[in-house]
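Asker: Quick one: the structure is below, questions incoming.
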Amino acid sequence: MKLCVIALIFALILAISSASRINYSGNLVLRAIPETPEQLEFLRDWESTSSIDFWILPAAVKQFADIRINAESYAHVTQLLAERNISHKILIADLGQLDKKEQQNIALRRALYNGNKAIDVENYHTYEEVMAYLTDLANTNPIVSLKTGGTSEEGRDIVQAIISSDLSANKPVHFFDCNIHAREWITGATCIWIIDQITSGYGSDPEITALVDQYDWKFIPIANPDGYAYTWNTDRNWRKTRIVNNGSTCIGVDVNRNFLAGFGGTGSSGDPCSNTFRGNVAFSEKESSALRDLIAADRGRVKTAVSMHSYSQMFLSAYGYTTDLPPEYPEMFRAMEIAVGALTATYGTKYTYGNTAVTIYIASGVTTDHYYENEGIVHSYTIELRDSGTYGFQLPPDQIVPTAIETWNGLKAMINAI
Ligand code: 0X9
Ligand code: ZN
């Protein structure tokens, strides 16, 4: 039996780490801190005009930016930083190790799982596995149905899981998009855990039962399916979609810059090679169009719209594209304060919160601004989940449950207070 489990683990590790996967061994993540507006400007320009992989985008003076580089460019990059007197430290010394450990953790959990669900909601899963789980849930649980909001560039379904005890009642909706950014695996995992929590608690847990009797719950666990599949098969650090850009050898659009809210402004790039490439025109992409249509289908009923991202532990509201504050900002702030209070009360995880442009950086064409500005949803937020840089996007699976629990506690507290 023991031998069998060990053999299975090795088979799974081998299956995940197929030869075509990018090997990140020797890659580092640097944390740079701009101290002057000029230094900040330099980092921003660098990000928007190259394919350099910022894990945390340059935000403001005295706020760190995390940069992933390979071993060969270490000398060049640190020299570039030194020439501009930008201080840095090494945040992650060998990304290859983290990658390997992640695969081992996932495989080990898989081998040990003996539950009766289609997937172990305490682990990370491929696009196909998540779809199988949702299909199974919809087939076996009368309050669950699925809606396909469209297909991705490569033809994968963009699926919304709908939890409703009475669809004809047109109840207020809580809307969630997850994994718009492919590598932010904890976001999809958190949404799946919440789906599982709601669907298995309905009828037995009084708090959940009340929340389902009062509201409809809608989740898009994998909003960028092609990018997500690519992070499993080829490049664990992929962020964008997988569209082939005309006239460029660089692939992909940042879905979270392709919405019609300040589209094309600061904090988005016109360079297809940049990780924040906005695309040629708002909603040029199938993935952003699918989200636009899914949320528009519930126009007038959406009470909260939450975009799940990672990492850096922040709760963010509109606007992203301007530092102007929306007239409802005091109400948004109140809601965020309650959410973060309940989140932090769970395990002590520290979050910052406020409007996007001031709290993190100006970002144009983002979901949260579109949901607020064009759909009229006041309670529209982006949450940057765990952690603050120890693992970055490779948050170990044993943090899925605590991350999901604290986030869910924050959301419930907020929903009960608005
Ligand atoms: O830059 C982004 O798209 C988000 N950060 S991430 O590190 N996950 O890429 C932040 C976007 C914040 N904007 C809103 N949607 N409000
Ligand atoms: Zn993100």
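By order of appearance in the structure tokens: chains A, B, ..., then residues from 1 within every chain, and ligands from 1 in the order shown.
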Could the residues of chain A that have an atom at most 9 Å from ligand 1 be listed as JSON lines, each with its closest atom pair and the distance in Å to one decimal, counting only C-alpha atoms and all ligand atoms and ordered by chain and ascending residue number?
Answerer:
{"residue": "A:Phe54", "atom": "CA", "partner": "ligand 1", "partner_atom_place_in_ligand_line": "7 (O)", "distance": 8.8}
{"residue": "A:Trp55", "atom": "CA", "partner": "ligand 1", "partner_atom_place_in_ligand_line": "7 (O)", "distance": 6.6}
{"residue": "A:Ile56", "atom": "CA", "partner": "ligand 1", "partner_atom_place_in_ligand_line": "7 (O)", "distance": 5.5}
{"residue": "A:Leu57", "atom": "CA", "partner": "ligand 1", "partner_atom_place_in_ligand_line": "7 (O)", "distance": 6.7}
{"residue": "A:Ile180", "atom": "CA", "partner": "ligand 1", "partner_atom_place_in_ligand_line": "8 (N)", "distance": 8.6}
{"residue": "A:His181", "atom": "CA", "partner": "ligand 1", "partner_atom_place_in_ligand_line": "8 (N)", "distance": 6.7}
{"residue": "A:Glu184", "atom": "CA", "partner": "ligand 1", "partner_atom_place_in_ligand_line": "8 (N)", "distance": 7.3}
{"residue": "A:Arg239", "atom": "CA", "partner": "ligand 1", "partner_atom_place_in_ligand_line": "9 (O)", "distance": 8.1}
{"residue": "A:Asp254", "atom": "CA", "partner": "ligand 1", "partner_atom_place_in_ligand_line": "3 (O)", "distance": 7.8}
{"residue": "A:Val255", "atom": "CA", "partner": "ligand 1", "partner_atom_place_in_ligand_line": "3 (O)", "distance": 8.3}
{"residue": "A:Asn256", "atom": "CA", "partner": "ligand 1", "partner_atom_place_in_ligand_line": "3 (O)", "distance": 5.2}
{"residue": "A:Arg257", "atom": "CA", "partner": "ligand 1", "partner_atom_place_in_ligand_line": "3 (O)", "distance": 7.0}
{"residue": "A:Gly267", "atom": "CA", "partner": "ligand 1", "partner_atom_place_in_ligand_line": "1 (O)", "distance": 8.0}
{"residue": "A:Ser268", "atom": "CA", "partner": "ligand 1", "partner_atom_place_in_ligand_line": "1 (O)", "distance": 8.7}
{"residue": "A:Thr276", "atom": "CA", "partner": "ligand 1", "partner_atom_place_in_ligand_line": "1 (O)", "distance": 7.6}
{"residue": "A:Val306", "atom": "CA", "partner": "ligand 1", "partner_atom_place_in_ligand_line": "15 (N)", "distance": 8.9}
{"residue": "A:Ser307", "atom": "CA", "partner": "ligand 1", "partner_atom_place_in_ligand_line": "15 (N)", "distance": 6.7}
{"residue": "A:Met308", "atom": "CA", "partner": "ligand 1", "partner_atom_place_in_ligand_line": "8 (N)", "distance": 8.0}
{"residue": "A:His309", "atom": "CA", "partner": "ligand 1", "partner_atom_place_in_ligand_line": "8 (N)", "distance": 4.5}
{"residue": "A:Ser310", "atom": "CA", "partner": "ligand 1", "partner_atom_place_in_ligand_line": "8 (N)", "distance": 4.8}
{"residue": "A:Tyr311", "atom": "CA", "partner": "ligand 1", "partner_atom_place_in_ligand_line": "7 (O)", "distance": 5.9}
{"residue": "A:Ser312", "atom": "CA", "partner": "ligand 1", "partner_atom_place_in_ligand_line": "7 (O)", "distance": 7.5}
{"residue": "A:Phe315", "atom": "CA", "partner": "ligand 1", "partner_atom_place_in_ligand_line": "16 (N)", "distance": 8.9}
{"residue": "A:Leu316", "atom": "CA", "partner": "ligand 1", "partner_atom_place_in_ligand_line": "16 (N)", "distance": 5.7}
{"residue": "A:Ser317", "atom": "CA", "partner": "ligand 1", "partner_atom_place_in_ligand_line": "16 (N)", "distance": 5.5}
{"residue": "A:Ala318", "atom": "CA", "partner": "ligand 1", "partner_atom_place_in_ligand_line": "16 (N)", "distance": 5.6}
{"residue": "A:Tyr319", "atom": "CA", "partner": "ligand 1", "partner_atom_place_in_ligand_line": "16 (N)", "distance": 6.5}
{"residue": "A:Gly320", "atom": "CA", "partner": "ligand 1", "partner_atom_place_in_ligand_line": "16 (N)", "distance": 5.0}
{"residue": "A:Tyr321", "atom": "CA", "partner": "ligand 1", "partner_atom_place_in_ligand_line": "13 (N)", "distance": 8.3}
{"residue": "A:Asn355", "atom": "CA", "partner": "ligand 1", "partner_atom_place_in_ligand_line": "16 (N)", "distance": 7.5}
{"residue": "A:Thr356", "atom": "CA", "partner": "ligand 1", "partner_atom_place_in_ligand_line": "16 (N)", "distance": 5.1}
{"residue": "A:Ala357", "atom": "CA", "partner": "ligand 1", "partner_atom_place_in_ligand_line": "13 (N)", "distance": 7.8}
{"residue": "A:Ile360", "atom": "CA", "partner": "ligand 1", "partner_atom_place_in_ligand_line": "12 (C)", "distance": 7.5}
{"residue": "A:Tyr361", "atom": "CA", "partner": "ligand 1", "partner_atom_place_in_ligand_line": "12 (C)", "distance": 7.7}
{"residue": "A:Ile362", "atom": "CA", "partner": "ligand 1", "partner_atom_place_in_ligand_line": "13 (N)", "distance": 7.9}
{"residue": "A:Ala363", "atom": "CA", "partner": "ligand 1", "partner_atom_place_in_ligand_line": "13 (N)", "distance": 5.9}
{"residue": "A:Ser364", "atom": "CA", "partner": "ligand 1", "partner_atom_place_in_ligand_line": "13 (N)", "distance": 7.8}
{"residue": "A:Gly365", "atom": "CA", "partner": "ligand 1", "partner_atom_place_in_ligand_line": "15 (N)", "distance": 8.3}
{"residue": "A:Val366", "atom": "CA", "partner": "ligand 1", "partner_atom_place_in_ligand_line": "15 (N)", "distance": 4.7}
{"residue": "A:Thr367", "atom": "CA", "partner": "ligand 1", "partner_atom_place_in_ligand_line": "15 (N)", "distance": 5.1}
{"residue": "A:Thr368", "atom": "CA", "partner": "ligand 1", "partner_atom_place_in_ligand_line": "15 (N)", "distance": 4.3}
{"residue": "A:Asp369", "atom": "CA", "partner": "ligand 1", "partner_atom_place_in_ligand_line": "16 (N)", "distance": 6.2}
{"residue": "A:His370", "atom": "CA", "partner": "ligand 1", "partner_atom_place_in_ligand_line": "15 (N)", "distance": 8.8}
{"residue": "A:Ser380", "atom": "CA", "partner": "ligand 1", "partner_atom_place_in_ligand_line": "16 (N)", "distance": 8.2}
{"residue": "A:Tyr381", "atom": "CA", "partner": "ligand 1", "partner_atom_place_in_ligand_line": "16 (N)", "distance": 6.2}
{"residue": "A:Thr382", "atom": "CA", "partner": "ligand 1", "partner_atom_place_in_ligand_line": "15 (N)", "distance": 4.9}
{"residue": "A:Ile383", "atom": "CA", "partner": "ligand 1", "partner_atom_place_in_ligand_line": "12 (C)", "distance": 8.1}
{"residue": "A:Glu384", "atom": "CA", "partner": "ligand 1", "partner_atom_place_in_ligand_line": "8 (N)", "distance": 6.2}
{"residue": "A:Leu385", "atom": "CA", "partner": "ligand 1", "partner_atom_place_in_ligand_line": "8 (N)", "distance": 8.7}
Asker: Export, as a CSV table (one decimal), in the first residue's frame, the selected residues with C-alpha atoms.
Answerer:
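This went into again.csv:
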chain,number,residue,atom,x,y,z
A,54,PHE,CA,7.0,42.2,-12.3
A,55,TRP,CA,5.3,40.1,-9.6
A,56,ILE,CA,4.2,43.2,-7.8
A,57,LEU,CA,4.0,46.2,-10.1
A,180,ILE,CA,-8.4,36.5,-14.3
A,181,HIS,CA,-4.6,36.4,-13.9
A,184,GLU,CA,-2.8,33.6,-9.2
A,239,ARG,CA,-0.3,36.1,-16.2
A,254,ASP,CA,-3.9,41.4,-19.6
A,255,VAL,CA,-7.7,40.8,-19.1
A,256,ASN,CA,-7.6,43.2,-16.2
A,257,ARG,CA,-6.6,46.1,-18.5
A,267,GLY,CA,-1.1,51.7,-15.5
A,268,SER,CA,-1.7,49.8,-18.7
A,276,THR,CA,0.0,44.7,-18.5
A,306,VAL,CA,-15.6,40.9,-6.2
A,307,SER,CA,-12.5,40.3,-8.4
A,308,MET,CA,-10.1,37.9,-6.7
A,309,HIS,CA,-6.4,38.5,-7.2
A,310,SER,CA,-3.1,37.7,-5.5
A,311,TYR,CA,-0.8,38.6,-3.9
A,312,SER,CA,-0.2,41.4,-1.4
A,315,PHE,CA,-8.9,45.1,-0.2
A,316,LEU,CA,-9.4,47.6,-3.0
A,317,SER,CA,-12.3,49.7,-4.4
A,318,ALA,CA,-12.9,52.0,-7.4
A,319,TYR,CA,-11.3,53.9,-8.9
A,320,GLY,CA,-8.3,52.3,-10.3
A,321,TYR,CA,-7.8,54.6,-13.2
A,355,ASN,CA,-9.4,52.9,-3.3
A,356,THR,CA,-7.1,51.2,-5.9
A,357,ALA,CA,-5.4,54.2,-7.3
A,360,ILE,CA,-1.8,50.4,-4.8
A,361,TYR,CA,-1.3,52.1,-8.1
A,362,ILE,CA,-3.2,53.6,-11.0
A,363,ALA,CA,-4.5,50.7,-13.1
A,364,SER,CA,-6.7,51.5,-16.1
A,365,GLY,CA,-9.3,49.2,-17.7
A,366,VAL,CA,-9.9,47.0,-14.7
A,367,THR,CA,-12.9,45.0,-13.7
A,368,THR,CA,-13.7,46.8,-10.5
A,369,ASP,CA,-14.0,50.2,-12.3
A,370,HIS,CA,-16.2,48.7,-15.0
A,380,SER,CA,-17.3,46.5,-6.3
A,381,TYR,CA,-13.9,45.3,-5.0
A,382,THR,CA,-10.6,43.7,-5.9
A,383,ILE,CA,-9.1,41.5,-3.2
A,384,GLU,CA,-5.4,40.7,-3.3
A,385,LEU,CA,-5.2,37.5,-1.3
Asker: If we count only C-alpha atoms and set the cut-off at 6 Å, which residues sit around Cys273 of chain A, ignoring sequence neighbours fewer than 2 positions away in its own chain? Please answer as a list in words.
Answerer: Ser50, Ser51, Cys250 and Asp271 of chain A
Asker: Pull N, CA and C atoms from the residues just selected and write them as a PDB file, in the first residue's frame.
Answerer:
ATOM      1  N   SER A  50       8.615  46.489 -21.786  1.00  0.00           N
ATOM      2  CA  SER A  50       9.421  45.277 -21.935  1.00  0.00           C
ATOM      3  C   SER A  50       8.641  44.068 -21.445  1.00  0.00           C
ATOM      4  N   SER A  51       9.269  42.899 -21.575  1.00  0.00           N
ATOM      5  CA  SER A  51       8.592  41.688 -21.094  1.00  0.00           C
ATOM      6  C   SER A  51       9.095  41.297 -19.706  1.00  0.00           C
ATOM      7  N   CYS A 250       5.036  38.488 -29.196  1.00  0.00           N
ATOM      8  CA  CYS A 250       4.637  38.321 -27.799  1.00  0.00           C
ATOM      9  C   CYS A 250       3.162  37.936 -27.708  1.00  0.00           C
ATOM     10  N   ASP A 271       2.211  47.907 -25.263  1.00  0.00           N
ATOM     11  CA  ASP A 271       3.226  47.009 -25.806  1.00  0.00           C
ATOM     12  C   ASP A 271       2.803  45.551 -25.568  1.00  0.00           C
TER      13      ASP A 271
END
Asker: Env of Gly341 of chain A: 9 Å cut, atoms = only C-alpha atoms, seq-sep filter 4 positions within chain, self excluded. Answer as a list in words.
Answerer: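 My list of contacting residues is Met336, Glu337, Ala345, Thr346, Tyr351, Gly410 and Ala413 of chain A.
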Asker: Would you put the residues from that selection into a file with N, CA, C and O atoms, as an mmCIF file, in the first residue's frame?
Answerer:
data_model
loop_
_atom_site.group_PDB
_atom_site.id
_atom_site.type_symbol
_atom_site.label_atom_id
_atom_site.label_comp_id
_atom_site.auth_asym_id
_atom_site.auth_seq_id
_atom_site.Cartn_x
_atom_site.Cartn_y
_atom_site.Cartn_z
ATOM 1 N N MET A 336 -15.365 48.084 3.392
ATOM 2 C CA MET A 336 -14.022 47.469 3.379
ATOM 3 C C MET A 336 -13.474 47.325 4.796
ATOM 4 O O MET A 336 -12.825 46.339 5.128
ATOM 5 N N GLU A 337 -13.763 48.334 5.611
ATOM 6 C CA GLU A 337 -13.283 48.317 6.995
ATOM 7 C C GLU A 337 -13.879 47.118 7.749
ATOM 8 O O GLU A 337 -13.185 46.411 8.479
ATOM 9 N N ALA A 345 -9.505 39.438 12.032
ATOM 10 C CA ALA A 345 -9.873 38.834 13.324
ATOM 11 C C ALA A 345 -9.759 37.312 13.274
ATOM 12 O O ALA A 345 -9.632 36.661 14.314
ATOM 13 N N THR A 346 -9.775 36.727 12.070
ATOM 14 C CA THR A 346 -9.754 35.264 11.946
ATOM 15 C C THR A 346 -8.402 34.669 12.361
ATOM 16 O O THR A 346 -8.335 33.843 13.251
ATOM 17 N N TYR A 351 -4.213 43.188 6.361
ATOM 18 C CA TYR A 351 -4.607 43.694 5.045
ATOM 19 C C TYR A 351 -4.575 45.220 5.055
ATOM 20 O O TYR A 351 -4.924 45.845 6.065
ATOM 21 N N GLY A 410 -14.487 37.620 6.029
ATOM 22 C CA GLY A 410 -14.515 39.040 5.678
ATOM 23 C C GLY A 410 -15.713 39.357 4.790
ATOM 24 O O GLY A 410 -16.442 40.335 5.016
ATOM 25 N N ALA A 413 -19.097 39.134 6.685
ATOM 26 C CA ALA A 413 -19.294 40.276 7.570
ATOM 27 C C ALA A 413 -19.714 41.504 6.752
ATOM 28 O O ALA A 413 -20.623 42.255 7.136
#
Asker: List the spatial neighbours of Leu28 of chain A as a list in words - criterion: any atom at most 7 Å away, only C-alpha atoms, same-chain residues fewer than 5 positions off excluded.
Answerer: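 The neighbour list is Arg68, Ile69, Asn70, Ala71, Ile92, Ala93, Asp94 and Leu95 of chain A.
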Asker: Could you go through segment 170-236 of chain A and tell me which residues DSSP, when run on the backbone, assigns to strand (DSSP E), listing them as an NGL selection string?
Answerer: :A and (173-178 or 216-220)
Asker: Generate the output file for the selected residues, N, CA and C atoms, as a short mmCIF file (atom, residue, chain, number, x, y, z; two decimals), in the first residue's frame.
Answerer:
data_model
loop_
_atom_site.label_atom_id
_atom_site.label_comp_id
_atom_site.auth_asym_id
_atom_site.auth_seq_id
_atom_site.Cartn_x
_atom_site.Cartn_y
_atom_site.Cartn_z
N VAL A 173 -27.66 39.63 -6.13
CA VAL A 173 -26.59 38.71 -6.53
C VAL A 173 -25.25 39.12 -5.91
N HIS A 174 -24.48 38.13 -5.49
CA HIS A 174 -23.08 38.35 -5.16
C HIS A 174 -22.25 37.67 -6.25
N PHE A 175 -21.46 38.49 -6.93
CA PHE A 175 -20.75 38.06 -8.14
C PHE A 175 -19.25 37.99 -7.88
N PHE A 176 -18.62 36.93 -8.32
CA PHE A 176 -17.17 36.77 -8.12
C PHE A 176 -16.49 36.35 -9.41
N ASP A 177 -15.40 37.03 -9.77
CA ASP A 177 -14.53 36.50 -10.83
C ASP A 177 -13.19 36.15 -10.21
N CYS A 178 -12.65 35.03 -10.64
CA CYS A 178 -11.43 34.51 -10.03
C CYS A 178 -10.47 34.08 -11.13
N ASP A 216 -28.59 35.23 -4.47
CA ASP A 216 -28.01 34.30 -5.44
C ASP A 216 -26.50 34.52 -5.44
N TRP A 217 -25.75 33.43 -5.59
CA TRP A 217 -24.29 33.48 -5.54
C TRP A 217 -23.73 33.02 -6.87
N LYS A 218 -22.89 33.84 -7.47
CA LYS A 218 -22.38 33.50 -8.80
C LYS A 218 -20.86 33.62 -8.85
N PHE A 219 -20.23 32.55 -9.27
CA PHE A 219 -18.76 32.49 -9.27
C PHE A 219 -18.23 32.08 -10.64
N ILE A 220 -17.23 32.78 -11.12
CA ILE A 220 -16.48 32.32 -12.29
C ILE A 220 -15.10 31.91 -11.76
#
Asker: Tell me, which residues of segment 111-360 of chain A carry DSSP helix (DSSP H, G or I), written as a PyMOL selection string?
Answerer: chain A and resi 111-112+127-140+167-169+185-201+206-214+225-233+255-257+286-296+329-347+356-359
Asker: Using only C-alpha atoms and all ligand atoms, can you tell me which of A:Met314, A:Val378, A:Ile52, A:Ala339 comes closest to ligand 2?
Answerer: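 Closest candidate: A:Met314.
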Asker: Rank nothing, just name the residue among A:Asn170, A:Gln160, A:Asn237, A:Thr78 nearest to Cys191 of chain A, using only C-alpha atoms.
Answerer: A:Gln160
Asker: Need to verify the contact set: Pro37 of chain A, 8 Å, only C-alpha atoms, exclusion of same-chain residues closer than 4 positions in sequence. Can you return it as a PyMOL selection string?
Answerer: chain A and resi 41+60-61
Asker: Could you write out the selected residues, including N, CA, C and O atoms, as a compact mmCIF listing (two decimals), in the first residue's frame?
Answerer:
# COMPACT_ATOMS: atom_id res chain seq x y z
N GLU A 41 9.36 56.19 -11.69
CA GLU A 41 9.09 56.36 -13.12
C GLU A 41 9.92 55.38 -13.95
O GLU A 41 9.43 54.77 -14.91
N ALA A 60 4.26 53.02 -5.84
CA ALA A 60 4.47 54.38 -5.36
C ALA A 60 5.86 54.45 -4.75
O ALA A 60 6.50 53.43 -4.50
N VAL A 61 6.28 55.68 -4.50
CA VAL A 61 7.54 55.89 -3.81
C VAL A 61 7.46 55.21 -2.44
O VAL A 61 6.42 55.25 -1.78
Asker: Env of Arg334 of chain A: 10 Å cut, atoms = only C-alpha atoms, seq-sep filter 5 positions within chain, self excluded. Answer as a ChimeraX atom specification.
Answerer: /A:329,339,354,414,417-418
